[in-house]
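Trainee: Take a look at the following structure, please.
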Amino acid sequence: MENKILVETSARHIHLSEEHINVLFGEGHKLTVKKELSQPGQFACEEKVTVKGTKGELKMSVLGPARKASQVEVSLTDARSIGVTAPIRESGDIAGSGACTLVGPCGSIDIAEGVIAAQRHIHLTPEAAKDLGVEDKEIVCVKLSTPRALVFGDVVVRVSDKFAPAMHIDTDEANAAAASGVVYGEIVK
(Lines give C-alpha, C1' and ligand atoms only; values in the text may rest on other atoms or scores of the structure.)
Protein backbone atom coordinates (compact mmCIF):
# COMPACT_ATOMS: atom_id res chain seq x y z
CA MET A 1 0.00 0.00 0.00
CA GLU A 2 3.01 2.32 -0.50
CA ASN A 3 1.82 5.91 -1.15
CA LYS A 4 -1.84 4.79 -0.91
CA ILE A 5 -4.50 6.67 1.00
CA LEU A 6 -8.21 5.97 1.57
CA VAL A 7 -10.36 8.45 -0.40
CA GLU A 8 -13.70 9.51 1.08
CA THR A 9 -16.44 11.63 -0.46
CA SER A 10 -17.47 14.51 1.76
CA ALA A 11 -21.03 15.45 0.84
CA ARG A 12 -22.48 18.93 1.44
CA HIS A 13 -22.75 19.72 5.13
CA ILE A 14 -22.64 22.48 7.71
CA HIS A 15 -20.67 23.07 10.90
CA LEU A 16 -22.41 25.35 13.40
CA SER A 17 -21.25 27.58 16.23
CA GLU A 18 -22.98 27.27 19.62
CA GLU A 19 -24.58 30.69 19.02
CA HIS A 20 -26.09 29.55 15.72
CA ILE A 21 -27.23 26.20 17.19
CA ASN A 22 -29.17 28.19 19.80
CA VAL A 23 -30.78 30.44 17.15
CA LEU A 24 -31.66 27.60 14.76
CA PHE A 25 -32.70 24.87 17.22
CA GLY A 26 -33.51 26.71 20.45
CA GLU A 27 -31.57 27.95 23.45
CA GLY A 28 -29.45 25.23 25.07
CA HIS A 29 -30.01 22.69 22.27
CA LYS A 30 -27.44 19.88 22.12
CA LEU A 31 -26.66 18.24 18.78
CA THR A 32 -27.89 14.64 18.44
CA VAL A 33 -25.36 12.09 17.19
CA LYS A 34 -26.65 10.13 14.19
CA LYS A 35 -23.37 8.37 13.37
CA GLU A 36 -19.66 8.72 14.04
CA LEU A 37 -17.51 9.84 11.11
CA SER A 38 -14.05 8.60 10.13
CA GLN A 39 -12.25 11.55 11.73
CA PRO A 40 -11.99 11.06 15.52
CA GLY A 41 -14.56 13.07 17.49
CA GLN A 42 -16.53 14.13 14.39
CA PHE A 43 -20.13 12.99 13.88
CA ALA A 44 -23.13 13.41 11.62
CA CYS A 45 -26.16 14.80 13.46
CA GLU A 46 -29.86 14.10 13.28
CA GLU A 47 -30.35 17.87 12.85
CA LYS A 48 -30.63 19.44 9.41
CA VAL A 49 -30.50 23.08 8.31
CA THR A 50 -31.87 24.72 5.16
CA VAL A 51 -29.26 26.85 3.40
CA LYS A 52 -30.76 29.59 1.21
CA GLY A 53 -29.03 31.47 -1.57
CA THR A 54 -30.29 33.95 -4.16
CA LYS A 55 -31.61 31.24 -6.52
CA GLY A 56 -32.66 28.36 -4.29
CA GLU A 57 -32.08 26.34 -1.17
CA LEU A 58 -30.63 23.03 -0.01
CA LYS A 59 -31.34 20.97 3.10
CA MET A 60 -28.01 20.02 4.69
CA SER A 61 -26.81 17.72 7.40
CA VAL A 62 -25.18 19.26 10.43
CA LEU A 63 -21.83 17.84 11.52
CA GLY A 64 -20.68 18.03 15.11
CA PRO A 65 -19.31 18.99 17.45
CA ALA A 66 -19.98 22.74 17.52
CA ARG A 67 -17.23 24.96 16.13
CA LYS A 68 -16.17 28.49 16.96
CA ALA A 69 -17.60 29.73 13.63
CA SER A 70 -20.30 28.33 11.35
CA GLN A 71 -19.11 26.97 8.01
CA VAL A 72 -21.20 25.72 5.07
CA GLU A 73 -19.36 23.28 2.77
CA VAL A 74 -20.83 22.79 -0.69
CA SER A 75 -19.66 21.60 -4.08
CA LEU A 76 -19.30 24.19 -6.83
CA THR A 77 -22.39 22.69 -8.50
CA ASP A 78 -24.37 23.19 -5.26
CA ALA A 79 -23.15 26.79 -5.01
CA ARG A 80 -24.26 27.62 -8.56
CA SER A 81 -27.62 25.89 -8.15
CA ILE A 82 -28.64 27.91 -5.08
CA GLY A 83 -26.87 31.15 -5.98
CA VAL A 84 -24.11 31.46 -3.39
CA THR A 85 -20.43 32.31 -3.68
CA ALA A 86 -18.22 29.44 -2.51
CA PRO A 87 -14.50 30.09 -2.86
CA ILE A 88 -12.25 27.03 -2.71
CA ARG A 89 -10.68 27.14 0.74
CA GLU A 90 -9.24 24.99 3.47
CA SER A 91 -11.68 24.29 6.27
CA GLY A 92 -11.72 27.14 8.77
CA ASP A 93 -10.57 29.77 6.25
CA ILE A 94 -13.87 31.62 5.95
CA ALA A 95 -12.78 35.28 5.98
CA GLY A 96 -14.40 36.97 2.97
CA SER A 97 -16.15 33.78 1.86
CA GLY A 98 -19.75 33.44 0.69
CA ALA A 99 -22.91 34.57 2.48
CA CYS A 100 -26.26 32.78 2.87
CA THR A 101 -29.28 32.40 5.11
CA LEU A 102 -29.54 29.46 7.51
CA VAL A 103 -33.01 28.24 8.49
CA GLY A 104 -33.74 25.82 11.32
CA PRO A 105 -36.92 24.76 13.11
CA CYS A 106 -36.67 27.58 15.68
CA GLY A 107 -35.26 30.48 13.71
CA SER A 108 -33.08 31.77 10.91
CA ILE A 109 -29.90 33.76 10.62
CA ASP A 110 -28.08 35.54 7.80
CA ILE A 111 -24.37 34.83 7.80
CA ALA A 112 -22.11 37.34 6.02
CA GLU A 113 -19.38 34.73 5.42
CA GLY A 114 -18.85 31.03 5.91
CA VAL A 115 -19.79 29.35 2.60
CA ILE A 116 -16.85 27.48 1.00
CA ALA A 117 -16.05 24.67 -1.40
CA ALA A 118 -13.51 22.70 0.63
CA GLN A 119 -10.09 22.34 -0.94
CA ARG A 120 -9.40 18.66 -1.46
CA HIS A 121 -7.14 17.51 1.32
CA ILE A 122 -5.51 14.58 3.07
CA HIS A 123 -5.75 14.08 6.84
CA LEU A 124 -2.66 12.33 8.20
CA THR A 125 -1.15 11.50 11.55
CA PRO A 126 2.52 12.53 11.93
CA GLU A 127 3.51 8.86 11.59
CA ALA A 128 1.48 8.36 8.40
CA ALA A 129 2.89 11.58 6.92
CA LYS A 130 6.42 10.37 7.61
CA ASP A 131 5.65 6.96 6.06
CA LEU A 132 4.24 8.67 2.95
CA GLY A 133 7.11 11.17 2.75
CA VAL A 134 4.92 14.29 3.00
CA GLU A 135 4.70 17.24 5.39
CA ASP A 136 1.96 19.44 6.82
CA LYS A 137 0.67 22.02 4.29
CA GLU A 138 2.53 20.34 1.41
CA ILE A 139 0.62 20.35 -1.88
CA VAL A 140 0.56 16.98 -3.67
CA CYS A 141 -1.15 15.17 -6.53
CA VAL A 142 -3.22 12.04 -5.94
CA LYS A 143 -4.09 9.48 -8.63
CA LEU A 144 -7.38 7.61 -8.36
CA SER A 145 -7.51 4.37 -10.35
CA THR A 146 -11.28 4.32 -10.79
CA PRO A 147 -13.44 3.66 -13.89
CA ARG A 148 -12.73 7.31 -14.87
CA ALA A 149 -9.17 7.51 -13.55
CA LEU A 150 -8.07 10.99 -12.52
CA VAL A 151 -5.08 12.72 -11.03
CA PHE A 152 -6.17 15.39 -8.57
CA GLY A 153 -3.74 18.26 -8.18
CA ASP A 154 -3.70 20.94 -5.50
CA VAL A 155 -4.31 18.46 -2.67
CA VAL A 156 -3.24 19.96 0.65
CA VAL A 157 -1.72 17.68 3.29
CA ARG A 158 -2.96 18.33 6.84
CA VAL A 159 -1.04 16.64 9.66
CA SER A 160 -2.24 16.22 13.24
CA ASP A 161 -2.17 13.50 15.86
CA LYS A 162 -5.96 14.07 16.08
CA PHE A 163 -6.56 12.82 12.50
CA ALA A 164 -7.24 9.43 10.95
CA PRO A 165 -5.56 8.97 7.55
CA ALA A 166 -8.00 9.77 4.70
CA MET A 167 -8.30 12.02 1.66
CA HIS A 168 -11.50 14.06 1.30
CA ILE A 169 -13.01 15.08 -2.01
CA ASP A 170 -16.45 16.59 -2.66
CA THR A 171 -19.31 15.05 -4.64
CA ASP A 172 -18.41 16.87 -7.88
CA GLU A 173 -14.89 15.44 -7.69
CA ALA A 174 -16.10 11.94 -6.79
CA ASN A 175 -18.55 11.98 -9.69
CA ALA A 176 -15.84 13.16 -12.10
CA ALA A 177 -13.70 10.17 -11.10
CA ALA A 178 -16.65 7.71 -10.91
CA ALA A 179 -15.50 7.04 -7.35
CA SER A 180 -17.84 4.94 -5.24
CA GLY A 181 -17.44 2.34 -2.53
CA VAL A 182 -13.99 1.87 -1.04
CA VAL A 183 -11.48 3.85 -3.11
CA TYR A 184 -7.76 4.40 -2.62
CA GLY A 185 -5.56 7.05 -4.14
CA GLU A 186 -1.85 7.08 -4.76
CA ILE A 187 0.24 10.14 -3.90
CA VAL A 188 2.20 10.95 -7.06
CA LYS A 189 3.79 14.31 -6.08
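Identifiers in this document derive from the order of the C-alpha coordinates: chains are assigned A, B, ..., residues are numbered from 1 separately in each chain, and ligands are numbered from 1 in order of occurrence.
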I need the alpha helix (DSSP H) residues of segment 46-184 of chain A per DSSP on the backbone, written as a PyMOL selection string.
Mentor: chain A and resi 76-82+126-132+171-176
Trainee: Give one line per residue of segment 55-145 of chain A that approaches segment 33-41 of chain A to at most 12 Å, naming the two atoms of the closest pair and their distance in Å to one decimal, counting only C-alpha atoms; sort by chain then ascending residue number and deliver it as a Markdown table.
Mentor:
```
| residue | atom | partner | partner_atom | distance |
| --- | --- | --- | --- | --- |
| A:Ser61 | CA | A:Lys34 | CA | 10.2 |
| A:Val62 | CA | A:Val33 | CA | 9.9 |
| A:Leu63 | CA | A:Val33 | CA | 8.8 |
| A:Gly64 | CA | A:Val33 | CA | 7.8 |
| A:Pro65 | CA | A:Gly41 | CA | 7.6 |
| A:Ala66 | CA | A:Gly41 | CA | 11.1 |
| A:Ile122 | CA | A:Gln39 | CA | 11.4 |
| A:His123 | CA | A:Gln39 | CA | 8.5 |
| A:Leu124 | CA | A:Gln39 | CA | 10.2 |
| A:Thr125 | CA | A:Gln39 | CA | 11.1 |
```
Trainee: Just checking: using only C-alpha atoms, which residue out of A:Pro165, A:Gly104, A:Gly185, A:Gly153 ends up closest to Leu24 of chain A?
Mentor: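 Going through A:Pro165, A:Gly104, A:Gly185, A:Gly153 one by one, the smallest distance to Leu24 of chain A is for A:Gly104.
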Trainee: When distances are computed from only C-alpha atoms, which of A:Lys52, A:Lys68, A:His168, A:Lys189 shows the smallest separation from Cys141 of chain A?
Mentor: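 Using only C-alpha atoms, the shortest distance to Cys141 of chain A belongs to A:Lys189.
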Trainee: In Å, how far is it from atom CA of Val155 of chain A to atom CA of Glu138 of chain A?
Mentor: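 Taking atom CA of Val155 of chain A and atom CA of Glu138 of chain A, their separation equals 8.2 Å.
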Trainee: Nearest residue to Ile88 of chain A out of A:Ala118, A:Leu16, A:Ala129, A:Ala11, using only C-alpha atoms?
Mentor: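 That would be A:Ala118, the residue with the smallest distance to Ile88 of chain A.
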Trainee: Excluding same-chain residues fewer than 2 positions from Val23 of chain A, what lies within 7 Å of it counting only C-alpha atoms, as a ChimeraX atom specification?
Mentor: /A:19-21,25-27,106-108
Trainee: Write a file of the selected residues as an mmCIF file, in the first residue's frame, keeping all heavy atoms.
Mentor:
```
data_model
loop_
_atom_site.group_PDB
_atom_site.id
_atom_site.type_symbol
_atom_site.label_atom_id
_atom_site.label_comp_id
_atom_site.auth_asym_id
_atom_site.auth_seq_id
_atom_site.Cartn_x
_atom_site.Cartn_y
_atom_site.Cartn_z
ATOM 1 N N GLU A 19 -23.627 29.577 19.176
ATOM 2 C CA GLU A 19 -24.578 30.689 19.016
ATOM 3 C C GLU A 19 -25.617 30.377 17.947
ATOM 4 O O GLU A 19 -26.818 30.562 18.150
ATOM 5 C CB GLU A 19 -23.814 31.972 18.643
ATOM 6 C CG GLU A 19 -24.720 33.144 18.325
ATOM 7 C CD GLU A 19 -23.969 34.339 17.742
ATOM 8 O OE1 GLU A 19 -22.728 34.311 17.660
ATOM 9 O OE2 GLU A 19 -24.661 35.286 17.341
ATOM 10 N N HIS A 20 -25.163 29.845 16.809
ATOM 11 C CA HIS A 20 -26.088 29.550 15.716
ATOM 12 C C HIS A 20 -26.947 28.326 16.014
ATOM 13 O O HIS A 20 -28.099 28.262 15.586
ATOM 14 C CB HIS A 20 -25.334 29.416 14.402
ATOM 15 C CG HIS A 20 -24.758 30.715 13.929
ATOM 16 N ND1 HIS A 20 -23.855 30.799 12.902
ATOM 17 C CD2 HIS A 20 -24.962 31.989 14.355
ATOM 18 C CE1 HIS A 20 -23.526 32.075 12.710
ATOM 19 N NE2 HIS A 20 -24.187 32.805 13.588
ATOM 20 N N ILE A 21 -26.409 27.351 16.762
ATOM 21 C CA ILE A 21 -27.226 26.204 17.193
ATOM 22 C C ILE A 21 -28.392 26.709 18.031
ATOM 23 O O ILE A 21 -29.536 26.294 17.830
ATOM 24 C CB ILE A 21 -26.375 25.186 17.986
ATOM 25 C CG1 ILE A 21 -25.372 24.499 17.066
ATOM 26 C CG2 ILE A 21 -27.272 24.152 18.685
ATOM 27 C CD1 ILE A 21 -24.310 23.675 17.788
ATOM 28 N N PHE A 25 -32.032 26.017 16.586
ATOM 29 C CA PHE A 25 -32.696 24.867 17.219
ATOM 30 C C PHE A 25 -33.239 25.154 18.610
ATOM 31 O O PHE A 25 -33.852 24.277 19.211
ATOM 32 C CB PHE A 25 -31.731 23.674 17.269
ATOM 33 C CG PHE A 25 -31.323 23.192 15.913
ATOM 34 C CD1 PHE A 25 -30.089 23.538 15.385
ATOM 35 C CD2 PHE A 25 -32.184 22.434 15.139
ATOM 36 C CE1 PHE A 25 -29.718 23.116 14.122
ATOM 37 C CE2 PHE A 25 -31.827 22.006 13.872
ATOM 38 C CZ PHE A 25 -30.583 22.355 13.361
ATOM 39 N N GLY A 26 -33.004 26.352 19.127
ATOM 40 C CA GLY A 26 -33.512 26.707 20.446
ATOM 41 C C GLY A 26 -32.394 26.792 21.469
ATOM 42 O O GLY A 26 -31.404 26.056 21.394
ATOM 43 N N GLU A 27 -32.579 27.692 22.414
ATOM 44 C CA GLU A 27 -31.572 27.951 23.448
ATOM 45 C C GLU A 27 -31.232 26.674 24.203
ATOM 46 O O GLU A 27 -32.103 25.929 24.638
ATOM 47 C CB GLU A 27 -32.106 29.014 24.419
ATOM 48 C CG GLU A 27 -31.056 29.591 25.335
ATOM 49 C CD GLU A 27 -29.982 30.390 24.613
ATOM 50 O OE1 GLU A 27 -30.297 31.078 23.616
ATOM 51 O OE2 GLU A 27 -28.819 30.305 25.053
ATOM 52 N N CYS A 106 -36.337 26.548 14.693
ATOM 53 C CA CYS A 106 -36.667 27.582 15.683
ATOM 54 C C CYS A 106 -36.278 28.991 15.263
ATOM 55 O O CYS A 106 -36.539 29.941 16.011
ATOM 56 C CB CYS A 106 -35.991 27.261 17.015
ATOM 57 S SG CYS A 106 -36.624 25.754 17.780
ATOM 58 N N GLY A 107 -35.662 29.145 14.118
ATOM 59 C CA GLY A 107 -35.259 30.482 13.710
ATOM 60 C C GLY A 107 -34.377 30.459 12.488
ATOM 61 O O GLY A 107 -34.068 29.395 11.939
ATOM 62 N N SER A 108 -33.980 31.650 12.056
ATOM 63 C CA SER A 108 -33.084 31.769 10.905
ATOM 64 C C SER A 108 -32.053 32.844 11.196
ATOM 65 O O SER A 108 -32.231 33.677 12.083
ATOM 66 C CB SER A 108 -33.868 32.096 9.635
ATOM 67 O OG SER A 108 -34.437 33.379 9.719
#
```
Trainee: Using only C-alpha atoms, pick whichever of A:Lys143, A:Gln119, A:Glu73, A:His29 has the shortest atom-to-atom distance to Pro105 of chain A.
Mentor: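 Looking at the shortest contact to Pro105 of chain A, the residue is A:His29.
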Trainee: Taking the DSSP assignment computed from this structure's backbone, write out as a ChimeraX atom specification all residues of chain A that belong to strand (DSSP E).
Mentor: /A:4-9,13-17,33-36,43-52,57-67,71-73,88-89,98-103,108-118,121-124,139-144,150-159,166-169,183-187
Trainee: Given the choices A:Val103, A:Val72, A:Ala179, A:Cys45, which gets closest to Leu31 of chain A if the distance is worked out from only C-alpha atoms?
Mentor: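 Nearest candidate to Leu31 of chain A out of A:Val103, A:Val72, A:Ala179, A:Cys45: A:Cys45.
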Trainee: As an exercise, work out the distance from atom CA of Asp93 of chain A to atom CA of Leu144 of chain A in Å and give it to one decimal place.
Mentor: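 Going from atom CA of Asp93 of chain A over to atom CA of Leu144 of chain A, I get 26.7 Å.
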Trainee: Give the answer as one residue: which of A:Met167, A:Ala86, A:Cys100, A:Ala117 has the shortest atom-to-atom distance to Val140 of chain A, using only C-alpha atoms?
Mentor: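 Of A:Met167, A:Ala86, A:Cys100, A:Ala117, the one nearest Val140 of chain A, counting only C-alpha atoms, is A:Met167.
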Trainee: Give me the residues within 8 Å of Gly98 of chain A as a list of chain:residue names, counting only C-alpha atoms and dropping any in the same chain fewer than 6 places off.
Mentor: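 Residues near the query, excluding close chain neighbours: A:Val84, A:Thr85, A:Ala86, A:Pro87, A:Ala112, A:Glu113, A:Gly114, A:Val115, A:Ile116.
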Trainee: Would you save the residues of that selection, restricted to N, CA and C atoms, as a PDB file, in the first residue's frame?
Mentor:
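Writing the result to selection07.pdb gives the following:
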```pdb
ATOM      1  N   VAL A  84     -25.012  30.963  -4.426  1.00  0.00           N
ATOM      2  CA  VAL A  84     -24.105  31.465  -3.391  1.00  0.00           C
ATOM      3  C   VAL A  84     -22.681  31.462  -3.932  1.00  0.00           C
ATOM      4  N   THR A  85     -21.849  32.298  -3.368  1.00  0.00           N
ATOM      5  CA  THR A  85     -20.431  32.310  -3.685  1.00  0.00           C
ATOM      6  C   THR A  85     -19.742  31.330  -2.755  1.00  0.00           C
ATOM      7  N   ALA A  86     -18.919  30.443  -3.322  1.00  0.00           N
ATOM      8  CA  ALA A  86     -18.215  29.444  -2.507  1.00  0.00           C
ATOM      9  C   ALA A  86     -16.775  29.337  -2.988  1.00  0.00           C
ATOM     10  N   PRO A  87     -15.898  30.195  -2.470  1.00  0.00           N
ATOM     11  CA  PRO A  87     -14.495  30.089  -2.859  1.00  0.00           C
ATOM     12  C   PRO A  87     -13.902  28.771  -2.371  1.00  0.00           C
ATOM     13  N   ALA A 112     -22.794  36.506   6.997  1.00  0.00           N
ATOM     14  CA  ALA A 112     -22.108  37.341   6.018  1.00  0.00           C
ATOM     15  C   ALA A 112     -20.952  36.608   5.351  1.00  0.00           C
ATOM     16  N   GLU A 113     -20.449  35.560   5.986  1.00  0.00           N
ATOM     17  CA  GLU A 113     -19.378  34.734   5.418  1.00  0.00           C
ATOM     18  C   GLU A 113     -19.456  33.360   6.046  1.00  0.00           C
ATOM     19  N   GLY A 114     -18.855  32.393   5.362  1.00  0.00           N
ATOM     20  CA  GLY A 114     -18.845  31.035   5.906  1.00  0.00           C
ATOM     21  C   GLY A 114     -19.131  29.959   4.879  1.00  0.00           C
ATOM     22  N   VAL A 115     -19.511  30.342   3.642  1.00  0.00           N
ATOM     23  CA  VAL A 115     -19.786  29.348   2.603  1.00  0.00           C
ATOM     24  C   VAL A 115     -18.506  29.109   1.810  1.00  0.00           C
ATOM     25  N   ILE A 116     -18.050  27.837   1.767  1.00  0.00           N
ATOM     26  CA  ILE A 116     -16.854  27.483   1.004  1.00  0.00           C
ATOM     27  C   ILE A 116     -17.075  26.185   0.228  1.00  0.00           C
TER      28      ILE A 116
END
```
Trainee: Write out as a ChimeraX atom specification the residues lying within 7 Å of Ile139 of chain A, counting only C-alpha atoms and excluding same-chain residues fewer than 6 positions away.
Mentor: /A:154-157
